Every structure is written in C-alpha cells, then in structure tokens.
Amino acid sequence: MTTDLSVCQDIFNRDPVRYVDMTEAVRRGIGAVLHASPSAALVGIPSPDCPEVFDSYLMSCADMDAAHLLCGLLPDGGDSLIAAHEDFYLPLLQDRFGLGFFLEGASFQAAYLGVGPCPIPESPLALRQLTVDDLPQVADNYKLEGEDYLRSLLERGQLFGGFLDDTMIGFAGRHAEGSIGLLEIFPPYRRRGFASVLEQYLINRELALKHIPFGQVVTGNAPSLALQRSLGMTLSEGTLYWLARS
C-alpha cells in the first residue's frame, strides 16, 4: 500500500473523468490518500474546522476483496458522506454502515477539459462572492445541505451569487471536495441563461487556479446534463454514488 495514487492508474485510465474528483482532490492538496493499491483507492476529505476528522470519503474498488479492505478503513459512526465509484459493492456499504443514497441514485461526473477559458456571453448578471450575511437566503433556497455546511462554504469564500441590480437571482459554488455545484436559480429567473453564466464563471475561476473544473449530475436530471454538454463539459462513461448514513 502507498499514498501515491499513481499505482491506481490502471483503474482510473478506464474512465478518467469518472475518477477526476479523487485525482483532483489529491493534486490540489484537499484530499488525503488513506489507501492506494492497484485494486483500490480511498481518499479522505478533512473537515475545514477539524482536519483530523474526515467529512467525506471517495473510494474506488476493482473487486469485492478490495471493497472489504476499504470498508475496514471507514469509520463505523459519524455523519460523513461516501462517494462510491462502482456499484457492485453498494450493498456491502449499505449493510455494513446503514447507508442510503444522499442523491437520487447514480450521478455522472462532468469535467471541463478545454484548453482555454469557457466563453461567457454578454449578460446583465453581476457576479459577486457571497458572505455569511447571505446565509439566510442561501439556506432558504438550497435544501440538500445543512446550514453549518453552507456557512463553512461562505466563510471560505466558495459561494457566488448572481445579481440583477441589487437582487440576488441565484447562486453557485464549490463543494468542500472541490466539485462545482450548489447551482440554484430562483424560480422567477429561470430559463434566461443565468445558470450558464454562473457555471461558466466558476469554470473559469477554477481554470485560473490551475484546477480541472468538475462536478456531478444525477443521471435523471436531463436539463442539467444538457447544460453541462452546452458548456463543453465531458461526461463520464460510468457513474458514481453518494451515500450517507440513514
């Protein structure tokens, strides 16, 4: 076992976009490699408030022996999320840890692999970094995450709002493990291209930081999948699954 993910390259090469969350987390210094071998990889994402505690785990296994091995490295308790990059060991995770799907089943990974910035069309939308003062409005409109998590993102400057004059019409940001997400356009302002502008802004911000922009989209979310394709994002062939303790 090593802490160098390069030993997992045979796994990752089968579908590089599918595993870009794991490779990017380590490359950016966000994730800690807890296990790496030719048949398995486990990356932990530390809590911003307590680096000794992992908020989430990203895992990949080539076979059930590897899945059992990684299960032995996962904590028995806590509220951490687990991203499983293959489906054959989902029953093992669900039975061993009492996990349920955090999202609606499978998600595609999407990554921007372009060589230059994502072109942003002219728009009346003004973009600015949100602050903790914006937490009530963000929390009222985004229900997938709790207020503590949203507050931590705001404190670290990872949420950005779109404004028409002084009115916020939506927001998007970067999750703790590095993925672009949290995209929410308020109902009165949908179907006006504002989601594209917000995501294009975030893609270019990631590129300026020398990151590969990536995110996940639930497989049944046709509008979001169409948006990713329109922005030049490459979708993974396979899927991953976010799990949380029920």
# chains A, B, ... in the order shown; residues from 1 in each chain; ligands from 1

call {"tool": "residues_around", "arguments": {"residues": "range 11-25 of chain A", "least_positions_apart": "3", "cutoff": "6 Å", "atoms": "only C-alpha atoms", "output": "list in words"}}
result
Cys8, Arg28, Ile30, Gly31, Gln109 and Ser236 of chain A

call {"tool": "select_by_dssp", "arguments": {"residues": "range 12-200 of chain A", "states": "strand (DSSP E or B)", "output": "PyMOL selection string"}}
result
chain A and resi 32-37+40-46+54-61+81-84+99-112+126-129+159-164+167-174+180-185

call {"tool": "select_by_dssp", "arguments": {"residues": "range 22-122 of chain A", "states": "alpha helix (DSSP H)", "output": "ChimeraX atom specification"}}
result
/A:22-27,64-71,90-97

call {"tool": "write_last_selection", "arguments": {"atoms": "N, CA and C atoms", "output": "PDB file, in the first residue's frame"}}
result
ATOM      1  N   MET A  22     -11.323  12.259  -7.335  1.00  0.00           N
ATOM      2  CA  MET A  22     -10.284  11.672  -6.498  1.00  0.00           C
ATOM      3  C   MET A  22      -8.905  12.241  -6.859  1.00  0.00           C
ATOM      4  N   THR A  23      -8.587  12.255  -8.141  1.00  0.00           N
ATOM      5  CA  THR A  23      -7.262  12.712  -8.556  1.00  0.00           C
ATOM      6  C   THR A  23      -7.093  14.202  -8.302  1.00  0.00           C
ATOM      7  N   GLU A  24      -8.156  15.000  -8.522  1.00  0.00           N
ATOM      8  CA  GLU A  24      -8.061  16.443  -8.291  1.00  0.00           C
ATOM      9  C   GLU A  24      -7.953  16.773  -6.806  1.00  0.00           C
ATOM     10  N   ALA A  25      -8.702  16.053  -5.970  1.00  0.00           N
ATOM     11  CA  ALA A  25      -8.637  16.318  -4.533  1.00  0.00           C
ATOM     12  C   ALA A  25      -7.213  16.142  -4.017  1.00  0.00           C
ATOM     13  N   VAL A  26      -6.538  15.113  -4.498  1.00  0.00           N
ATOM     14  CA  VAL A  26      -5.164  14.861  -4.058  1.00  0.00           C
ATOM     15  C   VAL A  26      -4.206  15.861  -4.692  1.00  0.00           C
ATOM     16  N   ARG A  27      -4.376  16.123  -5.971  1.00  0.00           N
ATOM     17  CA  ARG A  27      -3.474  17.071  -6.665  1.00  0.00           C
ATOM     18  C   ARG A  27      -3.546  18.456  -6.054  1.00  0.00           C
ATOM     19  N   MET A  64     -14.415  -7.338  -4.970  1.00  0.00           N
ATOM     20  CA  MET A  64     -15.019  -7.366  -3.633  1.00  0.00           C
ATOM     21  C   MET A  64     -13.969  -7.480  -2.537  1.00  0.00           C
ATOM     22  N   ASP A  65     -12.850  -8.139  -2.797  1.00  0.00           N
ATOM     23  CA  ASP A  65     -11.798  -8.192  -1.784  1.00  0.00           C
ATOM     24  C   ASP A  65     -11.322  -6.780  -1.447  1.00  0.00           C
ATOM     25  N   ALA A  66     -11.155  -5.955  -2.482  1.00  0.00           N
ATOM     26  CA  ALA A  66     -10.741  -4.571  -2.261  1.00  0.00           C
ATOM     27  C   ALA A  66     -11.822  -3.792  -1.524  1.00  0.00           C
ATOM     28  N   ALA A  67     -13.080  -4.070  -1.839  1.00  0.00           N
ATOM     29  CA  ALA A  67     -14.181  -3.380  -1.172  1.00  0.00           C
ATOM     30  C   ALA A  67     -14.209  -3.709   0.318  1.00  0.00           C
ATOM     31  N   HIS A  68     -14.009  -4.975   0.648  1.00  0.00           N
ATOM     32  CA  HIS A  68     -13.967  -5.360   2.066  1.00  0.00           C
ATOM     33  C   HIS A  68     -12.783  -4.697   2.772  1.00  0.00           C
ATOM     34  N   LEU A  69     -11.662  -4.608   2.084  1.00  0.00           N
ATOM     35  CA  LEU A  69     -10.484  -3.968   2.668  1.00  0.00           C
ATOM     36  C   LEU A  69     -10.788  -2.507   3.001  1.00  0.00           C
ATOM     37  N   LEU A  70     -11.370  -1.772   2.041  1.00  0.00           N
ATOM     38  CA  LEU A  70     -11.652  -0.360   2.278  1.00  0.00           C
ATOM     39  C   LEU A  70     -12.731  -0.166   3.331  1.00  0.00           C
ATOM     40  N   CYS A  71     -13.680  -1.071   3.390  1.00  0.00           N
ATOM     41  CA  CYS A  71     -14.707  -0.980   4.435  1.00  0.00           C
ATOM     42  C   CYS A  71     -14.064  -1.030   5.821  1.00  0.00           C
ATOM     43  N   LEU A  90     -22.140  -1.555  -3.526  1.00  0.00           N
ATOM     44  CA  LEU A  90     -23.105  -0.715  -2.806  1.00  0.00           C
ATOM     45  C   LEU A  90     -23.846  -1.492  -1.712  1.00  0.00           C
ATOM     46  N   PRO A  91     -24.312  -2.731  -1.981  1.00  0.00           N
ATOM     47  CA  PRO A  91     -24.988  -3.472  -0.897  1.00  0.00           C
ATOM     48  C   PRO A  91     -24.105  -3.676   0.326  1.00  0.00           C
ATOM     49  N   LEU A  92     -22.801  -3.875   0.102  1.00  0.00           N
ATOM     50  CA  LEU A  92     -21.874  -4.040   1.220  1.00  0.00           C
ATOM     51  C   LEU A  92     -21.833  -2.774   2.073  1.00  0.00           C
ATOM     52  N   LEU A  93     -21.725  -1.621   1.436  1.00  0.00           N
ATOM     53  CA  LEU A  93     -21.695  -0.354   2.165  1.00  0.00           C
ATOM     54  C   LEU A  93     -23.016  -0.107   2.892  1.00  0.00           C
ATOM     55  N   GLN A  94     -24.105  -0.415   2.215  1.00  0.00           N
ATOM     56  CA  GLN A  94     -25.420  -0.173   2.819  1.00  0.00           C
ATOM     57  C   GLN A  94     -25.646  -1.076   4.021  1.00  0.00           C
ATOM     58  N   ASP A  95     -25.266  -2.346   3.904  1.00  0.00           N
ATOM     59  CA  ASP A  95     -25.479  -3.290   5.005  1.00  0.00           C
ATOM     60  C   ASP A  95     -24.515  -3.033   6.160  1.00  0.00           C
ATOM     61  N   ARG A  96     -23.261  -2.755   5.842  1.00  0.00           N
ATOM     62  CA  ARG A  96     -22.242  -2.618   6.886  1.00  0.00           C
ATOM     63  C   ARG A  96     -22.417  -1.327   7.685  1.00  0.00           C
ATOM     64  N   PHE A  97     -22.802  -0.242   7.004  1.00  0.00           N
ATOM     65  CA  PHE A  97     -22.816   1.061   7.663  1.00  0.00           C
ATOM     66  C   PHE A  97     -24.203   1.703   7.739  1.00  0.00           C
TER      67      PHE A  97
END

call {"tool": "closest_atom_pairs", "arguments": {"of": "range 50-87 of chain A", "to": "range 161-179 of chain A", "cutoff": "12 Å", "atoms": "only C-alpha atoms", "output": "JSON lines"}}
result
{"residue": "A:Phe54", "atom": "CA", "partner": "A:Glu177", "partner_atom": "CA", "distance": 10.7}
{"residue": "A:Asp55", "atom": "CA", "partner": "A:Ala176", "partner_atom": "CA", "distance": 8.7}
{"residue": "A:Ser56", "atom": "CA", "partner": "A:Glu177", "partner_atom": "CA", "distance": 8.0}
{"residue": "A:Tyr57", "atom": "CA", "partner": "A:Glu177", "partner_atom": "CA", "distance": 9.3}
{"residue": "A:Leu58", "atom": "CA", "partner": "A:Glu177", "partner_atom": "CA", "distance": 9.3}
{"residue": "A:Leu81", "atom": "CA", "partner": "A:Glu177", "partner_atom": "CA", "distance": 10.9}
{"residue": "A:Ile82", "atom": "CA", "partner": "A:Glu177", "partner_atom": "CA", "distance": 11.5}
{"residue": "A:Ala83", "atom": "CA", "partner": "A:Glu177", "partner_atom": "CA", "distance": 10.8}

call {"tool": "atom_distance", "arguments": {"atom1": "CA of Ser107 in chain A", "atom2": "CA of Val217 in chain A"}}
result
5.1 Å

call {"tool": "residues_around", "arguments": {"residues": "Val197 in chain A", "least_positions_apart": "6", "cutoff": "10 Å", "atoms": "only C-alpha atoms", "output": "list of chain:residue names"}}
result
A:Cys118, A:Pro119, A:Ile120, A:Pro121, A:Glu122, A:Ser123, A:Leu125, A:Ala126, A:Leu127, A:Gly162, A:Ile203, A:Leu231
